[in-house]
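Here's structure.cif, which has mmCIF, C-alpha atoms and all ligand atoms:
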```
data_target
#
loop_
_atom_site.label_atom_id
_atom_site.label_comp_id
_atom_site.auth_asym_id
_atom_site.auth_seq_id
_atom_site.Cartn_x
_atom_site.Cartn_y
_atom_site.Cartn_z
CA MET A 148 0.00 0.00 0.00
CA ASN A 149 1.35 3.47 -0.79
CA HIS A 150 1.22 6.04 1.97
CA LEU A 151 0.29 9.67 1.46
CA SER A 152 3.29 11.97 1.70
CA TYR A 153 1.52 14.47 3.94
CA ILE A 154 0.29 12.00 6.54
CA HIS A 155 2.60 10.32 9.04
CA GLN A 156 1.70 6.76 9.84
CA GLY A 157 1.31 5.53 13.40
CA ASN A 158 -1.52 5.08 15.76
CA THR A 159 -3.82 7.71 14.31
CA ALA A 160 -7.45 7.94 13.31
CA TRP A 161 -6.49 7.83 9.62
CA SER A 162 -4.29 4.75 10.07
CA ASN A 163 -7.17 3.12 11.93
CA PHE A 164 -9.38 3.77 8.89
CA LEU A 165 -6.73 2.27 6.57
CA ASP A 166 -6.58 -0.83 8.82
CA GLN A 167 -10.35 -1.15 8.51
CA LEU A 168 -10.08 -1.03 4.71
CA ASP A 169 -7.39 -3.75 4.82
CA ARG A 170 -9.80 -5.97 6.72
CA VAL A 171 -12.54 -5.58 4.12
CA ALA A 172 -10.28 -6.02 1.05
CA PRO A 173 -10.35 -9.86 0.96
CA TYR A 174 -14.16 -9.81 0.69
CA LEU A 175 -14.33 -7.52 -2.33
CA ASN A 176 -13.25 -9.93 -5.09
CA ASP A 177 -12.62 -8.03 -8.37
CA LEU A 178 -13.41 -4.69 -6.78
CA GLN A 179 -10.41 -5.07 -4.47
CA ASP A 180 -8.15 -3.49 -7.11
CA ARG A 181 -10.19 -0.31 -6.92
CA LEU A 182 -9.94 0.07 -3.15
CA ASP A 183 -6.98 2.47 -3.47
CA THR A 184 -9.47 5.18 -4.40
CA LEU A 185 -10.68 5.14 -0.78
CA ARG A 186 -7.15 5.19 0.64
CA ARG A 187 -6.84 8.91 -0.08
CA PRO A 188 -9.22 11.86 0.14
CA LYS A 189 -10.45 13.34 -3.12
CA ARG A 190 -9.80 16.87 -1.88
CA ALA A 191 -8.46 18.44 1.32
CA LEU A 192 -8.54 22.14 2.09
CA ILE A 193 -6.55 23.77 4.89
CA VAL A 194 -7.53 27.31 5.77
CA ASP A 195 -6.28 30.06 8.07
CA ILE A 196 -9.02 31.68 10.14
CA PRO A 197 -8.04 35.04 11.62
CA VAL A 198 -10.49 36.15 14.31
CA GLU A 199 -10.66 39.48 16.05
CA MET A 200 -11.04 38.65 19.74
CA ASN A 201 -13.06 40.79 22.16
CA ASP A 202 -9.86 42.37 23.54
CA GLY A 203 -8.94 43.63 20.06
CA THR A 204 -6.14 41.13 19.39
CA ILE A 205 -6.21 38.86 16.35
CA LYS A 206 -5.90 35.12 16.82
CA HIS A 207 -5.33 32.62 14.02
CA PHE A 208 -7.06 29.23 14.01
CA GLU A 209 -6.43 26.24 11.75
CA GLY A 210 -9.45 25.06 9.76
CA PHE A 211 -10.05 22.10 7.49
CA ARG A 212 -12.63 20.72 5.08
CA VAL A 213 -11.90 17.32 3.57
CA GLN A 214 -14.00 15.71 0.84
CA HIS A 215 -13.05 12.07 1.01
CA SER A 216 -15.33 10.84 -1.77
CA LEU A 217 -17.87 12.48 -4.07
CA THR A 218 -18.53 9.35 -6.09
CA ARG A 219 -22.14 8.76 -4.97
CA GLY A 220 -23.23 12.39 -4.59
CA PRO A 221 -22.37 15.64 -2.81
CA GLY A 222 -20.04 15.46 0.19
CA LYS A 223 -21.80 15.15 3.55
CA GLY A 224 -20.47 15.40 7.06
CA GLY A 225 -20.17 17.52 10.15
CA VAL A 226 -17.87 20.27 11.33
CA ARG A 227 -15.94 19.68 14.55
CA PHE A 228 -14.70 22.46 16.84
CA HIS A 229 -12.21 20.86 19.22
CA PRO A 230 -8.64 21.62 20.38
CA ASN A 231 -7.32 18.28 19.02
CA VAL A 232 -8.64 18.70 15.46
CA ASP A 233 -5.95 18.16 12.82
CA LEU A 234 -5.77 17.08 9.18
CA ASN A 235 -5.29 13.43 10.08
CA GLU A 236 -8.44 13.36 12.23
CA VAL A 237 -10.59 15.25 9.72
CA MET A 238 -9.45 12.90 6.94
CA ALA A 239 -10.48 9.86 8.98
CA LEU A 240 -13.80 11.42 9.95
CA SER A 241 -14.50 12.28 6.29
CA ALA A 242 -13.72 8.71 5.23
CA TRP A 243 -16.06 7.30 7.88
CA MET A 244 -18.78 9.56 6.44
CA THR A 245 -18.17 8.04 2.98
CA ILE A 246 -18.64 4.56 4.40
CA LYS A 247 -21.61 5.60 6.58
CA CYS A 248 -23.57 7.27 3.76
CA ALA A 249 -22.96 4.30 1.47
CA ALA A 250 -23.82 1.73 4.18
CA LEU A 251 -27.16 3.52 4.67
CA ASN A 252 -27.51 3.92 0.90
CA LEU A 253 -27.93 7.71 1.19
CA PRO A 254 -27.09 9.55 -2.08
CA PHE A 255 -24.00 11.27 -0.65
CA GLY A 256 -20.24 11.00 -0.61
CA GLY A 257 -18.29 11.67 2.56
CA ALA A 258 -16.75 14.88 3.90
CA LYS A 259 -15.83 16.48 7.22
CA GLY A 260 -14.63 19.80 8.51
CA GLY A 261 -13.02 21.03 11.63
CA VAL A 262 -11.40 23.92 13.44
CA ARG A 263 -8.64 23.47 16.00
CA VAL A 264 -10.22 25.48 18.81
CA ASP A 265 -11.71 25.04 22.26
CA PRO A 266 -15.12 26.68 21.71
CA SER A 267 -15.77 26.89 25.47
CA LYS A 268 -12.95 29.45 25.68
CA LEU A 269 -14.58 31.85 23.18
CA SER A 270 -17.38 34.33 23.79
CA LYS A 271 -20.53 33.98 21.69
CA ARG A 272 -19.45 36.88 19.43
CA GLU A 273 -15.97 35.40 18.95
CA LEU A 274 -17.49 32.02 18.12
CA GLU A 275 -19.77 33.67 15.57
CA ARG A 276 -16.84 35.46 13.91
CA LEU A 277 -14.90 32.19 13.81
CA ALA A 278 -17.79 30.23 12.29
CA ARG A 279 -18.47 32.94 9.69
CA ARG A 280 -14.84 33.34 8.64
CA TYR A 281 -14.40 29.55 8.45
CA THR A 282 -17.49 29.37 6.20
CA SER A 283 -16.14 32.14 3.96
CA GLU A 284 -12.82 30.33 3.62
CA ILE A 285 -14.43 27.02 2.56
CA ASN A 286 -17.25 28.78 0.67
CA PHE A 287 -16.08 27.75 -2.81
CA ILE A 288 -16.10 24.00 -2.14
CA ILE A 289 -19.43 23.74 -0.26
CA GLY A 290 -23.01 24.08 -1.54
CA PRO A 291 -26.26 22.09 -1.67
CA GLN A 292 -25.02 20.13 -4.70
CA LYS A 293 -21.33 20.09 -3.70
CA ASP A 294 -20.80 19.43 -0.02
CA ILE A 295 -23.22 19.93 2.88
CA PRO A 296 -21.78 20.50 6.39
CA ALA A 297 -23.65 19.68 9.63
CA PRO A 298 -23.01 19.71 13.38
CA ASP A 299 -20.46 17.45 15.06
CA VAL A 300 -18.55 17.60 18.37
CA GLY A 301 -18.39 21.24 19.55
CA THR A 302 -20.85 22.68 17.00
CA ASN A 303 -24.63 23.12 17.16
CA PRO A 304 -27.73 24.48 15.35
CA GLN A 305 -26.73 28.10 16.10
CA ILE A 306 -23.37 27.61 14.39
CA MET A 307 -25.17 26.01 11.41
CA ALA A 308 -27.42 29.10 11.26
CA TRP A 309 -24.35 31.37 11.05
CA MET A 310 -22.82 29.13 8.39
CA MET A 311 -26.02 29.15 6.33
CA ASP A 312 -26.32 32.93 6.68
CA THR A 313 -22.69 33.56 5.68
CA TYR A 314 -22.96 31.32 2.62
CA SER A 315 -26.27 32.97 1.67
CA MET A 316 -24.85 36.50 2.11
CA ASN A 317 -22.00 35.63 -0.25
CA ALA A 318 -24.44 34.14 -2.77
CA GLY A 319 -26.96 37.01 -2.55
CA SER A 320 -29.93 34.76 -1.78
CA THR A 321 -31.05 32.46 1.03
CA ILE A 322 -29.78 28.95 0.43
CA THR A 323 -30.97 26.77 3.29
CA GLY A 324 -29.80 23.46 1.76
CA VAL A 325 -26.08 24.28 2.19
CA VAL A 326 -25.95 22.93 5.75
CA THR A 327 -28.12 20.60 7.83
CA GLY A 328 -28.74 20.52 11.57
CA LYS A 329 -30.07 24.09 11.42
CA PRO A 330 -32.65 25.56 13.84
CA VAL A 331 -36.17 24.48 12.85
CA HIS A 332 -37.38 27.97 11.77
CA LEU A 333 -34.46 28.26 9.34
CA GLY A 334 -35.19 25.12 7.34
CA GLY A 335 -33.99 22.69 10.00
CA SER A 336 -35.72 19.35 10.34
CA LEU A 337 -37.84 18.25 13.26
CA GLY A 338 -36.17 15.36 15.05
CA ARG A 339 -32.62 16.20 13.89
CA VAL A 340 -31.17 17.04 17.33
CA LYS A 341 -32.23 13.72 18.84
CA ALA A 342 -31.70 11.64 15.70
CA THR A 343 -28.20 10.31 16.38
CA GLY A 344 -29.05 9.12 19.90
CA ARG A 345 -32.31 7.64 18.63
CA GLY A 346 -30.45 5.72 15.95
CA VAL A 347 -28.07 4.29 18.56
CA TYR A 348 -31.12 3.11 20.49
CA ILE A 349 -32.91 1.63 17.46
CA THR A 350 -29.92 -0.30 16.15
CA GLY A 351 -28.93 -1.28 19.71
CA MET A 352 -32.39 -2.67 20.51
CA ASP A 353 -32.44 -4.57 17.24
CA VAL A 354 -29.06 -6.21 17.79
CA ALA A 355 -29.77 -6.87 21.50
CA LYS A 356 -32.78 -8.89 20.38
CA LYS A 357 -30.71 -10.79 17.84
CA ILE A 358 -28.11 -11.77 20.46
CA GLN A 359 -30.85 -12.47 23.02
CA LEU A 360 -29.77 -9.78 25.42
CA GLU A 361 -32.64 -8.76 27.68
CA ILE A 362 -32.84 -4.94 27.86
CA ASN A 363 -35.04 -4.82 30.93
CA GLN A 364 -32.62 -4.34 33.87
CA ALA A 365 -29.57 -4.45 31.53
CA ARG A 366 -26.74 -2.31 32.95
CA ILE A 367 -25.43 0.42 30.64
CA CYS A 368 -22.33 2.63 30.76
CA VAL A 369 -22.23 5.74 28.59
CA GLN A 370 -19.16 7.78 27.67
CA GLY A 371 -20.15 11.27 26.58
CA PHE A 372 -23.30 13.07 27.71
CA GLY A 373 -23.88 15.37 24.74
CA ASN A 374 -26.61 15.05 22.14
CA VAL A 375 -25.86 11.43 21.38
CA GLY A 376 -25.09 9.86 24.77
CA SER A 377 -27.87 11.62 26.66
CA GLU A 378 -30.62 10.75 24.16
CA ALA A 379 -29.52 7.10 23.76
CA ALA A 380 -29.29 6.73 27.57
CA ALA A 381 -32.78 8.23 28.05
CA LEU A 382 -34.37 5.90 25.49
CA PHE A 383 -32.74 2.78 26.92
CA ALA A 384 -33.79 3.81 30.44
CA GLN A 385 -37.39 4.20 29.17
CA SER A 386 -37.14 0.59 27.97
CA GLY A 387 -36.23 -0.61 31.47
CA ALA A 388 -32.42 -0.58 31.29
CA LYS A 389 -30.33 0.88 34.14
CA VAL A 390 -27.78 3.52 33.17
CA ILE A 391 -25.25 2.92 35.94
CA CYS A 392 -22.21 4.89 34.79
CA ILE A 393 -21.80 8.09 32.77
CA GLN A 394 -18.54 9.80 31.90
CA ASP A 395 -18.03 13.23 30.36
CA HIS A 396 -14.97 15.51 30.14
CA SER A 397 -15.52 16.63 33.74
CA ALA A 398 -16.15 13.42 35.71
CA THR A 399 -17.20 9.75 35.82
CA LEU A 400 -20.44 9.17 37.75
CA TYR A 401 -21.46 5.80 39.10
CA GLN A 402 -24.69 4.68 40.70
CA PRO A 403 -25.42 0.93 40.63
CA GLU A 404 -29.20 1.31 41.01
CA GLY A 405 -29.35 3.58 37.95
CA ILE A 406 -28.75 7.31 37.48
CA ASP A 407 -31.79 9.63 37.30
CA LEU A 408 -31.25 10.95 33.78
CA GLU A 409 -33.87 13.71 33.81
CA LEU A 410 -32.30 15.25 36.90
CA LEU A 411 -28.84 14.85 35.40
CA VAL A 412 -29.86 16.66 32.19
CA GLN A 413 -31.20 19.57 34.28
CA TYR A 414 -28.03 19.59 36.38
CA GLN A 415 -25.86 19.60 33.25
CA LYS A 416 -27.82 22.55 31.81
CA GLN A 417 -27.20 24.55 34.98
CA HIS A 418 -23.55 23.61 35.54
CA GLY A 419 -22.30 22.95 32.00
CA ALA A 420 -21.03 19.47 32.95
CA ILE A 421 -22.01 16.45 35.06
CA LYS A 422 -19.38 16.84 37.80
CA GLY A 423 -20.82 17.20 41.28
CA PHE A 424 -24.20 15.57 40.55
CA SER A 425 -25.53 13.55 43.47
CA PRO A 426 -26.67 10.98 44.57
CA ALA A 427 -24.42 9.37 41.95
CA HIS A 428 -20.85 9.25 43.22
CA GLU A 429 -17.70 10.17 41.36
CA ILE A 430 -15.13 7.46 40.56
CA ALA A 431 -11.72 7.67 38.87
CA ASN A 432 -11.99 8.13 35.08
CA ALA A 433 -9.72 5.13 34.48
CA LEU A 434 -12.28 2.81 36.13
CA PHE A 435 -14.94 3.47 33.48
CA TRP A 436 -14.07 0.51 31.24
CA ASP A 437 -13.77 -1.86 34.25
CA ILE A 438 -17.40 -1.49 35.32
CA GLU A 439 -19.46 -4.66 35.06
CA ALA A 440 -22.26 -3.95 32.61
CA GLU A 441 -24.00 -5.57 29.66
CA ILE A 442 -23.83 -2.58 27.30
CA PHE A 443 -21.21 0.14 26.74
CA ILE A 444 -21.99 3.19 24.63
CA PRO A 445 -18.88 5.18 23.68
CA ALA A 446 -20.45 8.46 22.53
CA ALA A 447 -17.58 10.94 22.70
CA LEU A 448 -14.33 10.77 20.73
CA GLU A 449 -12.33 8.28 18.68
CA GLY A 450 -9.66 5.76 19.72
CA VAL A 451 -10.92 5.04 23.25
CA ILE A 452 -11.33 1.25 22.96
CA THR A 453 -7.70 0.19 22.88
CA GLU A 454 -6.31 -3.36 22.89
CA GLN A 455 -6.04 -3.15 26.66
CA VAL A 456 -9.68 -2.11 27.06
CA ALA A 457 -10.77 -4.82 24.62
CA GLN A 458 -9.00 -7.48 26.65
CA SER A 459 -10.63 -6.55 29.93
CA ILE A 460 -14.03 -5.05 29.14
CA LYS A 461 -16.94 -6.99 30.63
CA ALA A 462 -19.70 -6.30 28.16
CA LYS A 463 -21.92 -8.22 25.78
CA LEU A 464 -22.70 -5.36 23.45
CA ILE A 465 -20.88 -2.17 22.43
CA LEU A 466 -22.84 0.56 20.64
CA GLU A 467 -20.60 3.03 18.85
CA GLY A 468 -22.33 6.40 19.23
CA ALA A 469 -18.98 8.13 18.55
CA ASN A 470 -17.09 7.98 15.28
CA GLY A 471 -14.08 5.64 15.33
CA PRO A 472 -14.03 4.74 19.04
CA THR A 473 -12.51 1.27 18.51
CA LEU A 474 -8.97 0.65 17.26
CA SER A 475 -8.67 -2.15 14.68
CA LYS A 476 -6.57 -4.43 16.86
CA ALA A 477 -9.08 -3.98 19.66
CA ASP A 478 -11.80 -4.94 17.17
CA ASP A 479 -10.05 -8.26 16.52
CA ILE A 480 -9.80 -8.98 20.26
CA LEU A 481 -13.47 -8.16 20.83
CA ALA A 482 -14.41 -10.49 17.96
CA GLN A 483 -12.42 -13.33 19.54
CA ARG A 484 -14.09 -12.64 22.87
CA GLN A 485 -17.48 -12.74 21.09
CA ILE A 486 -18.43 -9.27 22.21
CA THR A 487 -20.79 -7.77 19.64
CA ILE A 488 -20.10 -4.25 18.36
CA VAL A 489 -22.63 -2.24 16.40
CA PRO A 490 -20.18 -0.17 14.36
CA ASP A 491 -20.27 3.63 14.18
CA VAL A 492 -21.06 3.67 10.46
CA ILE A 493 -24.47 2.10 11.24
CA CYS A 494 -24.98 2.82 14.93
CA ASN A 495 -24.61 6.62 14.81
CA ALA A 496 -26.01 7.05 11.29
CA GLY A 497 -29.39 8.34 12.54
CA GLY A 498 -27.94 11.86 12.51
CA VAL A 499 -26.89 11.88 8.89
CA THR A 500 -30.10 10.08 7.90
CA VAL A 501 -32.21 12.93 9.28
CA SER A 502 -29.70 15.38 7.75
CA TYR A 503 -30.56 13.74 4.43
CA PHE A 504 -34.26 14.31 5.17
CA GLU A 505 -33.49 17.95 6.07
CA TRP A 506 -31.67 18.49 2.76
CA VAL A 507 -34.54 16.89 0.80
CA GLN A 508 -37.10 19.06 2.67
CA ASP A 509 -35.04 22.23 2.02
CA LEU A 510 -34.71 21.45 -1.69
CA ALA A 511 -38.45 20.76 -1.94
CA SER A 512 -39.42 23.58 0.50
CA TYR A 513 -41.93 21.14 1.93
CA PHE A 514 -41.63 19.98 5.52
CA TRP A 515 -42.58 16.74 7.25
CA THR A 516 -43.93 16.11 10.76
CA GLU A 517 -41.71 14.70 13.49
CA ASP A 518 -43.64 11.40 13.34
CA GLU A 519 -42.98 11.15 9.60
CA ILE A 520 -39.28 11.83 10.17
CA ASN A 521 -38.98 9.25 12.94
CA GLN A 522 -40.91 6.59 11.05
CA ARG A 523 -38.85 7.04 7.90
CA MET A 524 -35.64 7.02 9.89
CA ASP A 525 -36.62 3.84 11.75
CA VAL A 526 -37.26 2.05 8.45
CA ILE A 527 -33.89 3.08 6.97
CA MET A 528 -31.96 2.20 10.15
CA ARG A 529 -33.70 -1.17 10.66
CA ASN A 530 -33.19 -2.17 7.03
CA ALA A 531 -29.52 -1.17 7.22
CA ILE A 532 -28.80 -3.11 10.40
CA ASN A 533 -30.67 -6.17 9.08
CA ASP A 534 -28.69 -6.12 5.81
CA VAL A 535 -25.45 -5.80 7.75
CA TRP A 536 -26.42 -8.59 10.15
CA GLU A 537 -27.27 -10.88 7.22
CA LYS A 538 -24.01 -10.06 5.41
CA ALA A 539 -22.00 -10.77 8.58
CA ARG A 540 -23.76 -14.12 8.94
CA GLN A 541 -23.12 -15.10 5.29
CA GLN A 542 -19.45 -14.06 5.36
CA ASN A 543 -18.78 -15.05 8.96
CA CYS A 544 -17.29 -11.63 9.73
CA SER A 545 -17.85 -8.80 12.20
CA LEU A 546 -20.70 -6.32 11.78
CA ARG A 547 -18.10 -3.64 10.98
CA THR A 548 -16.56 -5.64 8.16
CA ALA A 549 -20.04 -6.51 6.88
CA ALA A 550 -21.02 -2.80 6.83
CA TYR A 551 -17.76 -2.01 5.00
CA ILE A 552 -18.41 -4.76 2.44
CA LEU A 553 -21.86 -3.36 1.61
CA ALA A 554 -20.59 0.24 1.54
CA CYS A 555 -17.41 -0.43 -0.46
CA GLU A 556 -19.31 -2.48 -3.03
CA ARG A 557 -21.75 0.40 -3.59
CA ILE A 558 -18.99 3.00 -3.87
CA LEU A 559 -16.61 0.99 -6.02
CA ILE A 560 -19.30 -0.20 -8.43
CA ALA A 561 -20.39 3.45 -8.83
CA ARG A 562 -16.75 4.41 -9.40
CA LYS A 563 -16.34 1.72 -12.02
CA GLU A 564 -19.54 2.75 -13.80
CA ARG A 565 -18.55 6.43 -13.82
CA GLY A 566 -15.12 5.58 -15.30
CA THR A 567 -11.89 7.48 -14.81
CA TYR A 568 -11.92 11.01 -16.22
CA PRO A 569 -10.59 11.85 -18.82
CA GLY A 570 -10.95 8.23 -19.83
N1 LIG A 601 -21.55 14.70 12.47
C1 LIG A 601 -22.54 13.66 12.28
C2 LIG A 601 -21.88 12.34 11.94
O1 LIG A 601 -20.74 12.13 12.28
C3 LIG A 601 -23.62 14.05 11.30
C4 LIG A 601 -23.17 14.39 9.93
C5 LIG A 601 -24.29 14.95 9.06
O2 LIG A 601 -25.40 15.05 9.50
O3 LIG A 601 -23.98 15.29 7.93
O4 LIG A 601 -22.48 11.46 11.41
#
```

Show this structure as structure tokens.
Amino acid sequence: MNHLSYIHQGNTAWSNFLDQLDRVAPYLNDLQDRLDTLRRPKRALIVDIPVEMNDGTIKHFEGFRVQHSLTRGPGKGGVRFHPNVDLNEVMALSAWMTIKCAALNLPFGGAKGGVRVDPSKLSKRELERLARRYTSEINFIIGPQKDIPAPDVGTNPQIMAWMMDTYSMNAGSTITGVVTGKPVHLGGSLGRVKATGRGVYITGMDVAKKIQLEINQARICVQGFGNVGSEAAALFAQSGAKVICIQDHSATLYQPEGIDLELLVQYQKQHGAIKGFSPAHEIANALFWDIEAEIFIPAALEGVITEQVAQSIKAKLILEGANGPTLSKADDILAQRQITIVPDVICNAGGVTVSYFEWVQDLASYFWTEDEINQRMDVIMRNAINDVWEKARQQNCSLRTAAYILACERILIARKERGTYPG
């Protein structure tokens, strides 16, 4: 395999993606020769974002937008604001979007953006200036038919509103379909905020049934209590499960009889984080993966399930709410230990599925009810997980490899049919 000159190998998110492609290659028969097309992004843009801070100084931030593949349609994927964002991470996240959209059979390629910034350290006005300047810098490669950003870690509907407004101001007309995850009065879709967590729940319930794991009284540990983790936790608790451990950037809370999630959400709104919430008690962060529980939901950042975690974790089912939480070698260990993982590219795809609905509604200027959104999403998610389950059974492989087989076949057949320009 040839490595890209601008990416150093090693234990990185991008190298983890390449390892995942290597695992799928043997299943692709003739299409295997075409897999190199996915081993590099189609286009990567690095931008400088100067921002005038409230004290009058100018700070420069690094920004990125990577379009990994545009083979099946416009690029699609979120924008991350986080201090660890770099080109390597954005490339991996864009590639996972390519696989995710194809696994769900949505008519999109994969893309991702990011800014290396800690948004909690900026005032609202500074954040707005940052989001607007970032949008201006990537303006010429995004658009409803080109590449459609959305929220990810550290961004939200307000930031999407600023992005949509900036793009529209440059164009001279209001173009709602350029981003998804917008506020509902600006062409956003009902159900979008909760969609990712809901998708984790729907695919998780489906696979729990298949592996005969009883959800009533099942113990669940959740890493990350943002949009995804909090909604998935709430839905599982409504189905009788006990959410016994929750970790966010501030603390790890443990309560064996089950944490009161409604109270925790209120507490988090007031305090900005979960630290200090009682009656749950705080334990050391390192103990999170040692808790005895049936289900773990990593719903924060990538690379957290290492080989060491995979060897010791006591779980029956792992639901990947985050993108890329499991390293490839850890994946192999979990497979040997017969621990089932619902992979990110299916498990957290509820978000991009409702983003797809939002884009369709914006283009048609005709909006659906929340029930319609949820019903349509449930059908797409259930069909996807069933197809992946069936593929894994036929090929005797993990659910991740099965999802990659289905996705790569769709992308590489499309690539073959389109041909190589200029021929
Ligand atoms: N950032 C989300 C993801 O990783 C959503 C992307 C989208 O809606 O385009 O899937």

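Closest approach to A:Glu199 among A:Glu236, A:Asp169, A:Glu439, A:Glu275: A:Glu275, based on only C-alpha atoms.
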
TODO: List all protein, DNA and RNA residues that have at least one atom no more than 8 Å from any atom of ligand LIG 601 (chain A), counting all atoms listed in the file, and write them as a count of residues only.
DONE: 30

- [ ] Quick one: everything within 10 Å of stretch 333-341 of chain A, counting only C-alpha atoms, minus sequence neighbours fewer than 3 positions away in the same chain. Send it as an NGL selection string.
- [x] :A and (298 or 303-304 or 307-308 or 311-312 or 321-324 or 326-330 or 344-346 or 374-375 or 377-379 or 497-510 or 512-521 or 524)

TODO: Quick one: everything within 10 Å of A:Lys206, counting only C-alpha atoms, minus sequence neighbours fewer than 4 positions away in the same chain. Send it as a VMD selection string.
DONE: chain A and resid 196 to 200 277

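With only C-alpha atoms as the basis for measurement, A:Gly210 is the residue among A:Gly468, A:Gly210, A:Gly373, A:Gly290 that approaches A:Gly260 most closely.
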
Open item on the list: Between atom CA of A:Leu192 and atom CA of A:Val262, what is the distance in Å, rounded to a tenth?
Closed with: 11.8 Å

TODO: May I ask which of the residues A:Met238, A:Val264, A:Glu273, A:Gly423 is the closest one to A:Gly203, counting only C-alpha atoms?
DONE: A:Glu273

Open item on the list: Set the distance at 9 Å and use only C-alpha atoms: which residues neighbour A:Ala242 once local chain neighbours fewer than 2 positions away are removed? I'd like the list as a PyMOL selection string.
Closed with: chain A and resi 161+164+185-188+213-216+237-240+244-247+257-259

Open item on the list: Residues near stretch 559-561 of chain A, anyone? I mean within 9 Å using all atoms listed in the file, not counting same-chain ones fewer than 4 positions away, as a PyMOL selection string.
Closed with: chain A and resi 178-179+181-182+184-185+218-219+554-555+565-566

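Shortest separation to A:Gln292 among A:Val535, A:Leu253, A:Leu217, A:Leu274 occurs at residue A:Leu217, atoms counted being all atoms listed in the file.
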